[in-house]
Amino acid sequence: MPSLGKNIPHDSAKGHVAGESIYIDDMPFARNELVVDFFWSPVAHGKIKELDLSAAKKVPGIVGLYTYKDLGGTNLFGPSIKDEVLLVEDTCEFIGHPIVVIAAENSQAAKAAKSCIKIEIDELKPILSIEEAIARKNFIGPPRTIRTGNPEAGFAAAQHVLEGSFFSGGQEHFYLESQAAIAYPGEHGQLVVHSSTQNPTEVQDVIAHVLGLKQNQVVVTTKRMGGGFGGKECQATHPAAMASLVALKTKRPARIVLDVDTDMQVTGKRHPFHNRYKVGFTGDGKITALKIALYSDGGAACDLSLAVMSKALLHAENAYFVDNAEFTGTICKTNYPPNTAFRGFGCPQAVANMENIIEEIAAFLKKDALDIRLLNIYGVEERNLTPYGQIVTNNTLAKLFSELERSADYRNRMAQVKAFNQSSKTHLKGLSLIPVKFGVSFGQKHMNQGSALVNLYQDGTIQVSTGATEMGQGVNTNIRQLVADEFDIPVDSVLVMPTSTEKNNNSSPTAASSATDLNGQAAVNACEKIRERLVVSAGHYFNSVDPALSSSAHEIVFENGQVFDRRNPEAKLTFAKLVQRAYLDKVSLGERGFHAHQGLHFDWESGSDKTGSGIPYLYFTFGCAVASVIIDRFTGDLKIERVDVLMDIGRSINPGVSRGQIAGAFVQGMGWVTTEELKYSDKGALLSHSPTTYKIPNIQDLPDVFKIDWIENNENTVNLKGTKAVGEPPFVLGAAVWTAVKHALSFVSKDQVARLRLPATNEEILTRLTQYEKLQAGAEVQLKQPALLP
């Protein structure tokens with residue numbers, strides 16, 4: 001009963017539909033449990049002159065008010081650079097910066113206490129844009145560079161050179177379950193913390209760090225999250241640490257659950273980028289040289305900005321071979337909440353920038369952008385070396401392009417788009433086909449490890465615990481199938497347990513599209529060890545039944561919940577009976593599994609020129625998407641008519657889960673490039689902090705035709721069961737909608753490059769249309785675009 005490759009239902013599907021799935025705030029309240037809240041900075045930048053808590057302490061129901069002085073450990077923390085404080089000491093660096101933790105008997109008391117806290121702050125001038133940070137030279141960490149070939153010679157050899165800049169906005173994670181944690185105090189300063197986090201180990205580490213505890217005093221457990229998307233990779237540490245502070249101080253359970261408005265205001269987002277580029281190319285569109293300067297908005301502290309920028313630099317060329325290139329990356333420090341991980345992790349910003357460049361080359365040469373892409377994509381035997389020195393192996397880009405061009409009827413539809421735009425006075429259409437080459441692995445070599453604990457019980461059922469956390473993406477379902485297949489038993493016999501630092505220590509975050517790759521392989525590793533022992537027990541049993549059969553491990557077969565010796569298949573044991581016999585024979589029925597990717601390395605300062613090079617990725621996931629759009633020329637209203645997605649995901653463990661991940665990722669990416677716009681006041685306050693002011697895609701925004709498929713590829717032998725990651729790469733393909741809008745605008749831009757910011761909201765589109773209409777009328781128009789950076 002092999003389950004790999006089959007549509008096994010998501011392990012939480014029934015619970016979600018029935019409303020029985022348990023999230024943090026569904027956990028029953030303890031008899032003496034406290035509610036945790038916090039008072040935060042009302043200004044983006046300022047020094048605290050006076051903090052008066054006297055009135056707040058008198059509010060009925062208030063148990064405690066805590067500042068940085070009460071932490072007991074070190075206030076500074078961070079995953080790479082320890083530059084972030086949990087509670088403000090003297091200088092507030094963003095609106096929402098926590099200052100006072102409130103412990104109350106109920107939420108009403110906590111709210112009343114917040115209103116009674118008196119604070120006096122000397123406001124300082126905040127930095128609220130990438131441009132201003134550059135002007136004031138306010139950066140986070142060192143700049144990084146990737147260089148290959150001779151860009152100067154490449155530009156000299158080019159027939160044409162284009163320069164420009166490109167802006168991509170941030171994005172709210174908009175997970176359905178906001179940041180939440182419950183901390184339970186135990187003996188001797190111990191804590192058990194239930195956290196909605198992608199990274200239990202980091203939550204454990206930060207709690208211990210800021211409270212002055214040892215790591216073995218803190219156990220962090222994650223059953224599931226109601227969405228994460230990267231927003232709970234590092235930033236779940238903050239609420240968990242606050243709840244833990246209260247639990248440790250009061251010796252009472254403490255619960256914190258942020259409301260959506262607060263969550264959106266105080267947490268980091270996808271990094272906005274503002275980039276400059278220069279590209280040289282031949283008359284037919286072949287790129288001869290490329291320079292890209294990436295500038296990201298890191299917010300007020302580093303968080304994961306260094307890693308995000310690294311990922312962006314490693315994907316700056318996307319799926320195109322460029323033999324003369326220089327990419328630089330600089331993180332700007334601003335006075336917004338520290339920006340953080342988000343699905344794609346820097347790759348979407350870099351790819352959107354590169355696809356913008358391709359569209360501009362095509363518009364300049366008056367060629368189909370698909371032909372420019374086909375001319376420049378990575379080759380198989382040659383033209384296959386990335387700017388950082390990794391060979392693009394198992395490359396299926398040409399096949400993906402060819403099959404999608406045919407199945408989506410791209411050429412005929414492009415002719416129809418051109419004919420439509422020539423005749424229509426009210427609407428514009430656009431069509432675009434873009435690729436993605438997504439490197440899969442953690443950028444930090446040591447993070448490419450996973451662990452698992454597999455326990456067999458005498459009734460033949462199995463419990464599995466791994467370092468992976470379930471946030472709806474289906475990693476637990478994948479692991480159930482992998483474990484069931486190792487013993488060829490029903491998937492229903494396998495249960496994946498909550499993730500806990502007690503059972504899986506020092507785990508890497510569930511991120512980088514690597515959770516199944518690492519933790520699934522670790523679970524398989526554990527199963528293989530147990531199976532070896534079961535085979536010995538089975539051999540002894542079948543030898544006792546038929547003494548003529550000598551014990552031979554390779555003759556023992558596990559099939560459809562039965563175990564037998566292939567030389568005498570009539571003598572069978574059920575899997576449960578074999579487990580029982582092994583137990584009676586005093587055979588260990590539990591095992592730890594471990595897996596670490598081998599052969600990966602990267603150095604950001606290799607060689608005399610100190611540029612990044614190495615092999616950072618185990619493999620690449622490839623994909624292509626075609627999007628067609630129609631725009632109302634009077635209102636800027638955008639409608640996505642059709643989307644075709646074709647992926648190379650290797651051998652899918654669960655096609656249903658894979659299809660769901662592709663669809664969800666694409667739609668989320670589509671939202672980033674069209675409707676999801678973060679709006680701030682001139683003081684740095686987020687204005688779009690609820691579903692009424694921040695628009696994610698709804699059912700009416702989906703294309704009328706939405707086709708998803710993948711090619712057959714069984715050659716990804718470097719990874720578990722030939723699979724490929726699918727959680728993040730399709731997100732990047734959402735940019736096809738944006739490039740389709742840019743293509744539509746090229747029909748009215750009158751020989752000007754169709755400048756377009758990301759997201760292409762209806763307002764942004766209408767602004768551009770108005771400018772181009774004036775151009776066509778003969779008026780002189782200064783086309784507004786992001787300023788060129790130094």
# chains A, B, ... in the order shown; residues from 1 in each chain; ligands from 1
>>> select_by_dssp(residues="stretch 461-581 of chain A", states="strand (DSSP E or B)", output="PyMOL selection string")
chain A and resi 462-466+494-496+499-500+556-559+562-565+568-574
>>> write_last_selection(atoms="N, CA and C atoms", output="compact mmCIF listing (two decimals), in the first residue's frame")
# COMPACT_ATOMS: atom_id res chain seq x y z
N ILE A 462 2.49 4.08 14.96
CA ILE A 462 3.76 4.80 15.03
C ILE A 462 3.50 6.26 15.40
N GLN A 463 4.33 6.79 16.28
CA GLN A 463 4.39 8.22 16.53
C GLN A 463 5.70 8.76 15.97
N VAL A 464 5.61 9.92 15.31
CA VAL A 464 6.79 10.57 14.73
C VAL A 464 6.87 12.00 15.26
N SER A 465 8.02 12.36 15.72
CA SER A 465 8.28 13.75 16.13
C SER A 465 9.47 14.25 15.33
N THR A 466 9.34 15.44 14.75
CA THR A 466 10.47 16.01 13.99
C THR A 466 10.64 17.47 14.37
N VAL A 494 0.11 6.06 11.25
CA VAL A 494 1.21 6.97 11.62
C VAL A 494 0.63 8.29 12.11
N LEU A 495 1.11 8.75 13.23
CA LEU A 495 0.67 10.02 13.80
C LEU A 495 1.90 10.91 14.01
N VAL A 496 1.82 12.13 13.46
CA VAL A 496 2.91 13.10 13.67
C VAL A 496 2.58 13.95 14.88
N THR A 499 5.64 19.47 17.58
CA THR A 499 7.08 19.72 17.59
C THR A 499 7.48 20.26 18.96
N SER A 500 8.54 19.71 19.51
CA SER A 500 8.96 20.11 20.85
C SER A 500 10.48 20.11 20.94
N ILE A 556 13.47 -10.65 3.39
CA ILE A 556 12.30 -10.22 4.16
C ILE A 556 11.59 -9.07 3.44
N VAL A 557 10.28 -9.21 3.28
CA VAL A 557 9.47 -8.24 2.53
C VAL A 557 8.41 -7.63 3.44
N PHE A 558 8.28 -6.29 3.38
CA PHE A 558 7.19 -5.57 4.03
C PHE A 558 6.22 -5.15 2.92
N GLU A 559 4.98 -5.63 2.99
CA GLU A 559 4.05 -5.36 1.88
C GLU A 559 2.62 -5.33 2.40
N GLN A 562 1.77 -6.47 5.80
CA GLN A 562 2.20 -7.84 6.08
C GLN A 562 3.71 -7.93 5.95
N VAL A 563 4.29 -8.94 6.62
CA VAL A 563 5.72 -9.19 6.52
C VAL A 563 5.91 -10.68 6.24
N PHE A 564 6.77 -11.00 5.26
CA PHE A 564 7.01 -12.40 4.92
C PHE A 564 8.39 -12.56 4.30
N ASP A 565 8.80 -13.82 4.24
CA ASP A 565 10.04 -14.19 3.56
C ASP A 565 9.67 -14.56 2.15
N ASN A 568 9.11 -18.09 1.14
CA ASN A 568 7.93 -18.80 1.64
C ASN A 568 6.83 -17.77 1.92
N PRO A 569 6.26 -17.17 0.88
CA PRO A 569 5.33 -16.04 1.05
C PRO A 569 4.02 -16.42 1.74
N GLU A 570 3.73 -17.71 1.88
CA GLU A 570 2.47 -18.08 2.53
C GLU A 570 2.54 -17.89 4.05
N ALA A 571 3.74 -17.98 4.61
CA ALA A 571 3.90 -17.78 6.06
C ALA A 571 4.08 -16.28 6.31
N LYS A 572 3.04 -15.64 6.81
CA LYS A 572 3.06 -14.19 6.96
C LYS A 572 2.79 -13.78 8.41
N LEU A 573 3.31 -12.61 8.72
CA LEU A 573 3.00 -11.94 9.98
C LEU A 573 2.40 -10.58 9.65
N THR A 574 1.40 -10.16 10.41
CA THR A 574 0.99 -8.77 10.25
C THR A 574 2.11 -7.90 10.82
>>> residues_around(residues="stretch 683-694 of chain A", least_positions_apart="3", cutoff="12 Å", atoms="only C-alpha atoms", output="number ranges by chain")
A: 41-46, 93-97, 123-129, 170-176, 259-269, 299-300, 334-337, 671-672, 674-680, 697-698, 761
>>> residues_around(residues="A:His554", least_positions_apart="4", cutoff="10 Å", atoms="only C-alpha atoms", output="ChimeraX atom specification")
/A:535,539,565-566
>>> write_last_selection(atoms="N, CA and C atoms", output="compact mmCIF listing (two decimals), in the first residue's frame")
# COMPACT_ATOMS: atom_id res chain seq x y z
N VAL A 535 13.78 -6.66 10.71
CA VAL A 535 14.12 -7.70 9.73
C VAL A 535 14.81 -8.88 10.41
N GLY A 539 13.39 -12.58 10.49
CA GLY A 539 14.18 -13.71 10.02
C GLY A 539 14.20 -14.84 11.01
N ASP A 565 8.80 -13.82 4.24
CA ASP A 565 10.04 -14.19 3.56
C ASP A 565 9.67 -14.56 2.15
N ARG A 566 10.27 -13.89 1.16
CA ARG A 566 9.86 -14.11 -0.23
C ARG A 566 10.04 -15.57 -0.67
>>> closest_residue(among="A:Ala183, A:Ile119, A:Leu745, A:Val475", to="A:Gln661", atoms="only C-alpha atoms")
A:Val475
>>> residues_around(residues="A:Thr501", least_positions_apart="6", cutoff="10 Å", atoms="only C-alpha atoms", output="list of chain:residue names")
A:Asn199, A:Pro200, A:Thr201, A:Glu202, A:Val203, A:Gln204, A:Gln215, A:Asn216, A:Val218, A:Val219, A:Val220, A:Thr221, A:Thr222, A:Thr466, A:Gly467, A:Ser507
>>> write_last_selection(atoms="N, CA and C atoms", output="mmCIF file, in the first residue's frame")
data_model
loop_
_atom_site.group_PDB
_atom_site.id
_atom_site.type_symbol
_atom_site.label_atom_id
_atom_site.label_comp_id
_atom_site.auth_asym_id
_atom_site.auth_seq_id
_atom_site.Cartn_x
_atom_site.Cartn_y
_atom_site.Cartn_z
ATOM 1 N N ASN A 199 9.849 28.310 14.550
ATOM 2 C CA ASN A 199 11.224 28.120 14.999
ATOM 3 C C ASN A 199 11.274 27.899 16.512
ATOM 4 N N PRO A 200 10.805 26.740 16.998
ATOM 5 C CA PRO A 200 10.800 26.501 18.449
ATOM 6 C C PRO A 200 12.163 26.658 19.109
ATOM 7 N N THR A 201 13.213 26.255 18.418
ATOM 8 C CA THR A 201 14.544 26.350 19.020
ATOM 9 C C THR A 201 14.949 27.793 19.256
ATOM 10 N N GLU A 202 14.640 28.682 18.323
ATOM 11 C CA GLU A 202 14.998 30.088 18.542
ATOM 12 C C GLU A 202 14.150 30.703 19.649
ATOM 13 N N VAL A 203 12.875 30.350 19.714
ATOM 14 C CA VAL A 203 12.036 30.843 20.812
ATOM 15 C C VAL A 203 12.628 30.384 22.142
ATOM 16 N N GLN A 204 13.023 29.122 22.209
ATOM 17 C CA GLN A 204 13.654 28.591 23.422
ATOM 18 C C GLN A 204 14.916 29.389 23.766
ATOM 19 N N GLN A 215 19.103 26.968 28.579
ATOM 20 C CA GLN A 215 18.198 26.448 27.562
ATOM 21 C C GLN A 215 17.444 25.211 28.027
ATOM 22 N N ASN A 216 18.091 24.375 28.856
ATOM 23 C CA ASN A 216 17.412 23.155 29.299
ATOM 24 C C ASN A 216 16.299 23.423 30.313
ATOM 25 N N VAL A 218 13.911 25.541 29.513
ATOM 26 C CA VAL A 218 12.796 26.019 28.691
ATOM 27 C C VAL A 218 12.442 24.952 27.658
ATOM 28 N N VAL A 219 11.194 24.535 27.656
ATOM 29 C CA VAL A 219 10.674 23.628 26.630
ATOM 30 C C VAL A 219 9.648 24.398 25.803
ATOM 31 N N VAL A 220 9.836 24.412 24.490
ATOM 32 C CA VAL A 220 8.908 25.097 23.593
ATOM 33 C C VAL A 220 8.225 24.065 22.714
ATOM 34 N N THR A 221 6.900 24.140 22.658
ATOM 35 C CA THR A 221 6.101 23.186 21.889
ATOM 36 C C THR A 221 5.235 23.928 20.875
ATOM 37 N N THR A 222 5.170 23.370 19.671
ATOM 38 C CA THR A 222 4.314 23.927 18.626
ATOM 39 C C THR A 222 3.483 22.801 18.028
ATOM 40 N N THR A 466 9.344 15.439 14.745
ATOM 41 C CA THR A 466 10.470 16.009 13.993
ATOM 42 C C THR A 466 10.636 17.473 14.366
ATOM 43 N N GLY A 467 11.668 18.075 13.826
ATOM 44 C CA GLY A 467 11.899 19.505 14.037
ATOM 45 C C GLY A 467 11.045 20.383 13.163
ATOM 46 N N SER A 507 16.789 22.315 16.551
ATOM 47 C CA SER A 507 16.223 22.173 15.207
ATOM 48 C C SER A 507 16.331 23.479 14.434
#
>>> closest_residue(among="A:Ser80, A:Gln473, A:Gln458, A:Ser54", to="A:Arg581", atoms="only C-alpha atoms")
A:Gln458
>>> closest_atom_pairs(of="stretch 579-676 of chain A", to="stretch 721-732 of chain A", cutoff="9 Å", atoms="only C-alpha atoms", output="JSON lines")
{"residue": "A:Tyr619", "atom": "CA", "partner": "A:Lys724", "partner_atom": "CA", "distance": 8.1}
{"residue": "A:Phe620", "atom": "CA", "partner": "A:Lys724", "partner_atom": "CA", "distance": 7.9}
{"residue": "A:Thr621", "atom": "CA", "partner": "A:Lys724", "partner_atom": "CA", "distance": 6.2}
{"residue": "A:Phe622", "atom": "CA", "partner": "A:Pro729", "partner_atom": "CA", "distance": 7.5}
{"residue": "A:Gly623", "atom": "CA", "partner": "A:Pro730", "partner_atom": "CA", "distance": 7.2}
{"residue": "A:Cys624", "atom": "CA", "partner": "A:Pro730", "partner_atom": "CA", "distance": 8.5}
{"residue": "A:Ala625", "atom": "CA", "partner": "A:Pro730", "partner_atom": "CA", "distance": 8.7}
{"residue": "A:Val645", "atom": "CA", "partner": "A:Pro730", "partner_atom": "CA", "distance": 8.2}
{"residue": "A:Met647", "atom": "CA", "partner": "A:Pro730", "partner_atom": "CA", "distance": 8.0}
{"residue": "A:Asp648", "atom": "CA", "partner": "A:Lys724", "partner_atom": "CA", "distance": 7.8}
{"residue": "A:Ile649", "atom": "CA", "partner": "A:Lys724", "partner_atom": "CA", "distance": 4.7}
{"residue": "A:Gly650", "atom": "CA", "partner": "A:Thr723", "partner_atom": "CA", "distance": 4.7}
{"residue": "A:Arg651", "atom": "CA", "partner": "A:Thr723", "partner_atom": "CA", "distance": 4.6}
{"residue": "A:Ser652", "atom": "CA", "partner": "A:Thr723", "partner_atom": "CA", "distance": 5.8}
{"residue": "A:Ile653", "atom": "CA", "partner": "A:Thr723", "partner_atom": "CA", "distance": 7.0}
{"residue": "A:Ser658", "atom": "CA", "partner": "A:Val726", "partner_atom": "CA", "distance": 6.5}
{"residue": "A:Arg659", "atom": "CA", "partner": "A:Val726", "partner_atom": "CA", "distance": 9.0}
{"residue": "A:Gln661", "atom": "CA", "partner": "A:Gly727", "partner_atom": "CA", "distance": 5.7}
{"residue": "A:Ile662", "atom": "CA", "partner": "A:Pro730", "partner_atom": "CA", "distance": 5.4}
{"residue": "A:Ala663", "atom": "CA", "partner": "A:Pro730", "partner_atom": "CA", "distance": 7.8}
{"residue": "A:Gly664", "atom": "CA", "partner": "A:Phe731", "partner_atom": "CA", "distance": 8.0}
{"residue": "A:Ala665", "atom": "CA", "partner": "A:Phe731", "partner_atom": "CA", "distance": 4.3}
{"residue": "A:Phe666", "atom": "CA", "partner": "A:Phe731", "partner_atom": "CA", "distance": 4.5}
{"residue": "A:Val667", "atom": "CA", "partner": "A:Phe731", "partner_atom": "CA", "distance": 7.4}
{"residue": "A:Gln668", "atom": "CA", "partner": "A:Phe731", "partner_atom": "CA", "distance": 6.4}
{"residue": "A:Gly669", "atom": "CA", "partner": "A:Phe731", "partner_atom": "CA", "distance": 4.6}
{"residue": "A:Met670", "atom": "CA", "partner": "A:Phe731", "partner_atom": "CA", "distance": 7.7}
>>> write_last_selection(atoms="C-alpha atoms", output="PDB file, in the first residue's frame")
ATOM      1  CA  TYR A 619      19.288  21.733  -6.106  1.00  0.00           C
ATOM      2  CA  PHE A 620      17.016  24.159  -7.956  1.00  0.00           C
ATOM      3  CA  THR A 621      13.252  24.112  -8.388  1.00  0.00           C
ATOM      4  CA  PHE A 622      12.203  25.479 -11.773  1.00  0.00           C
ATOM      5  CA  GLY A 623       8.907  26.792 -13.020  1.00  0.00           C
ATOM      6  CA  CYS A 624       7.200  29.025 -15.575  1.00  0.00           C
ATOM      7  CA  ALA A 625       3.914  30.918 -15.619  1.00  0.00           C
ATOM      8  CA  VAL A 645       1.584  27.501 -14.221  1.00  0.00           C
ATOM      9  CA  MET A 647       6.484  23.491 -12.517  1.00  0.00           C
ATOM     10  CA  ASP A 648       9.322  21.025 -12.153  1.00  0.00           C
ATOM     11  CA  ILE A 649       8.826  19.689  -8.626  1.00  0.00           C
ATOM     12  CA  GLY A 650      10.559  16.347  -9.112  1.00  0.00           C
ATOM     13  CA  ARG A 651       8.533  13.425  -7.743  1.00  0.00           C
ATOM     14  CA  SER A 652       5.687  14.771  -5.651  1.00  0.00           C
ATOM     15  CA  ILE A 653       5.099  13.008  -2.334  1.00  0.00           C
ATOM     16  CA  SER A 658       1.734  20.066  -4.002  1.00  0.00           C
ATOM     17  CA  ARG A 659      -1.129  21.501  -6.051  1.00  0.00           C
ATOM     18  CA  GLN A 661       1.009  24.833  -2.346  1.00  0.00           C
ATOM     19  CA  ILE A 662       1.424  25.957  -5.961  1.00  0.00           C
ATOM     20  CA  ALA A 663      -2.010  27.578  -6.089  1.00  0.00           C
ATOM     21  CA  GLY A 664      -1.690  29.272  -2.706  1.00  0.00           C
ATOM     22  CA  ALA A 665       1.838  30.511  -3.338  1.00  0.00           C
ATOM     23  CA  PHE A 666       0.964  31.913  -6.762  1.00  0.00           C
ATOM     24  CA  VAL A 667      -2.108  33.753  -5.460  1.00  0.00           C
ATOM     25  CA  GLN A 668      -0.127  35.187  -2.542  1.00  0.00           C
ATOM     26  CA  GLY A 669       2.545  36.339  -4.995  1.00  0.00           C
ATOM     27  CA  MET A 670      -0.152  37.779  -7.236  1.00  0.00           C
TER      28      MET A 670
END
>>> atom_distance(atom1="atom CA of A:Val454", atom2="atom CA of A:Ser21")
23.3 Å
>>> select_by_dssp(residues="stretch 374-621 of chain A", states="helix (DSSP H, G or I)", output="JSON, numbers by chain")
{"A": [374, 375, 376, 397, 398, 399, 400, 401, 402, 403, 404, 405, 406, 407, 410, 411, 412, 413, 414, 415, 416, 417, 418, 419, 420, 421, 422, 423, 445, 446, 447, 475, 476, 477, 478, 479, 480, 481, 482, 483, 484, 485, 486, 487, 491, 492, 493, 515, 516, 517, 518, 519, 520, 521, 522, 523, 524, 525, 526, 527, 528, 529, 530, 531, 532, 533, 534, 535, 536, 537, 538, 539, 540, 541, 542, 543, 544, 545, 553, 554, 555, 575, 576, 577, 578, 579, 580, 581, 582, 583, 584]}
>>> residues_around(residues="stretch 229-237 of chain A", least_positions_apart="6", cutoff="7 Å", atoms="only C-alpha atoms", output="list in words")
His173, Gln179, Ser196, Thr197, Gln198, Asn199, Val203, Val206, Thr340, Ala341, Phe342, Arg343 and Pro509 of chain A
>>> write_last_selection(atoms="N, CA, C and O atoms", output="tab-separated table (two decimals), in the first residue's frame")
chain	number	residue	atom	x	y	z
A	173	HIS	N	2.18	39.67	6.22
A	173	HIS	CA	2.04	38.21	6.21
A	173	HIS	C	0.58	37.78	6.24
A	173	HIS	O	0.21	36.79	5.60
A	179	GLN	N	0.16	36.41	16.25
A	179	GLN	CA	1.22	35.98	17.16
A	179	GLN	C	0.62	35.60	18.51
A	179	GLN	O	-0.17	36.36	19.07
A	196	SER	N	3.08	29.77	18.80
A	196	SER	CA	2.76	29.70	17.38
A	196	SER	C	3.98	30.18	16.61
A	196	SER	O	4.10	31.35	16.25
A	197	THR	N	4.91	29.26	16.38
A	197	THR	CA	6.20	29.64	15.81
A	197	THR	C	6.68	28.64	14.78
A	197	THR	O	6.39	27.44	14.87
A	198	GLN	N	7.43	29.12	13.82
A	198	GLN	CA	8.11	28.26	12.85
A	198	GLN	C	9.46	27.80	13.38
A	198	GLN	O	10.12	26.99	12.74
A	199	ASN	N	9.85	28.31	14.55
A	199	ASN	CA	11.22	28.12	15.00
A	199	ASN	C	11.27	27.90	16.51
A	199	ASN	O	11.73	28.77	17.26
A	203	VAL	N	12.87	30.35	19.71
A	203	VAL	CA	12.04	30.84	20.81
A	203	VAL	C	12.63	30.38	22.14
A	203	VAL	O	12.74	31.16	23.10
A	206	VAL	N	15.88	32.47	22.80
A	206	VAL	CA	15.66	33.87	23.16
A	206	VAL	C	15.06	33.99	24.56
A	206	VAL	O	15.47	34.85	25.35
A	340	THR	N	11.39	41.14	8.07
A	340	THR	CA	11.74	39.76	8.43
A	340	THR	C	11.52	38.81	7.25
A	340	THR	O	11.32	39.25	6.10
A	341	ALA	N	11.56	37.54	7.54
A	341	ALA	CA	11.36	36.52	6.51
A	341	ALA	C	9.94	36.60	5.95
A	341	ALA	O	8.99	36.95	6.65
A	342	PHE	N	9.82	36.28	4.67
A	342	PHE	CA	8.52	36.14	4.03
A	342	PHE	C	8.71	35.20	2.86
A	342	PHE	O	9.72	35.27	2.17
A	343	ARG	N	7.75	34.35	2.64
A	343	ARG	CA	7.77	33.35	1.57
A	343	ARG	C	8.55	33.84	0.34
A	343	ARG	O	8.20	34.82	-0.29
A	509	PRO	N	14.72	26.24	11.70
A	509	PRO	CA	13.34	26.71	11.49
A	509	PRO	C	12.68	26.00	10.32
A	509	PRO	O	13.36	25.48	9.43
>>> closest_atom_pairs(of="stretch 208-278 of chain A", to="stretch 100-111 of chain A", cutoff="9 Å", atoms="only C-alpha atoms", output="JSON lines")
{"residue": "A:Met242", "atom": "CA", "partner": "A:Val101", "partner_atom": "CA", "distance": 6.6}
{"residue": "A:Ala243", "atom": "CA", "partner": "A:Ala103", "partner_atom": "CA", "distance": 8.6}
{"residue": "A:Leu245", "atom": "CA", "partner": "A:Val101", "partner_atom": "CA", "distance": 8.5}
{"residue": "A:Val246", "atom": "CA", "partner": "A:Ala103", "partner_atom": "CA", "distance": 6.4}
{"residue": "A:Thr250", "atom": "CA", "partner": "A:Ala103", "partner_atom": "CA", "distance": 8.8}
{"residue": "A:Ala254", "atom": "CA", "partner": "A:Ala103", "partner_atom": "CA", "distance": 7.9}
>>> write_last_selection(atoms="C-alpha atoms", output="CSV table (one decimal), in the first residue's frame")
chain,number,residue,atom,x,y,z
A,242,MET,CA,6.9,38.4,27.2
A,243,ALA,CA,4.5,35.6,28.3
A,245,LEU,CA,8.6,36.9,31.7
A,246,VAL,CA,5.2,37.1,33.3
A,250,THR,CA,4.3,35.5,39.0
A,254,ALA,CA,0.5,33.6,31.2
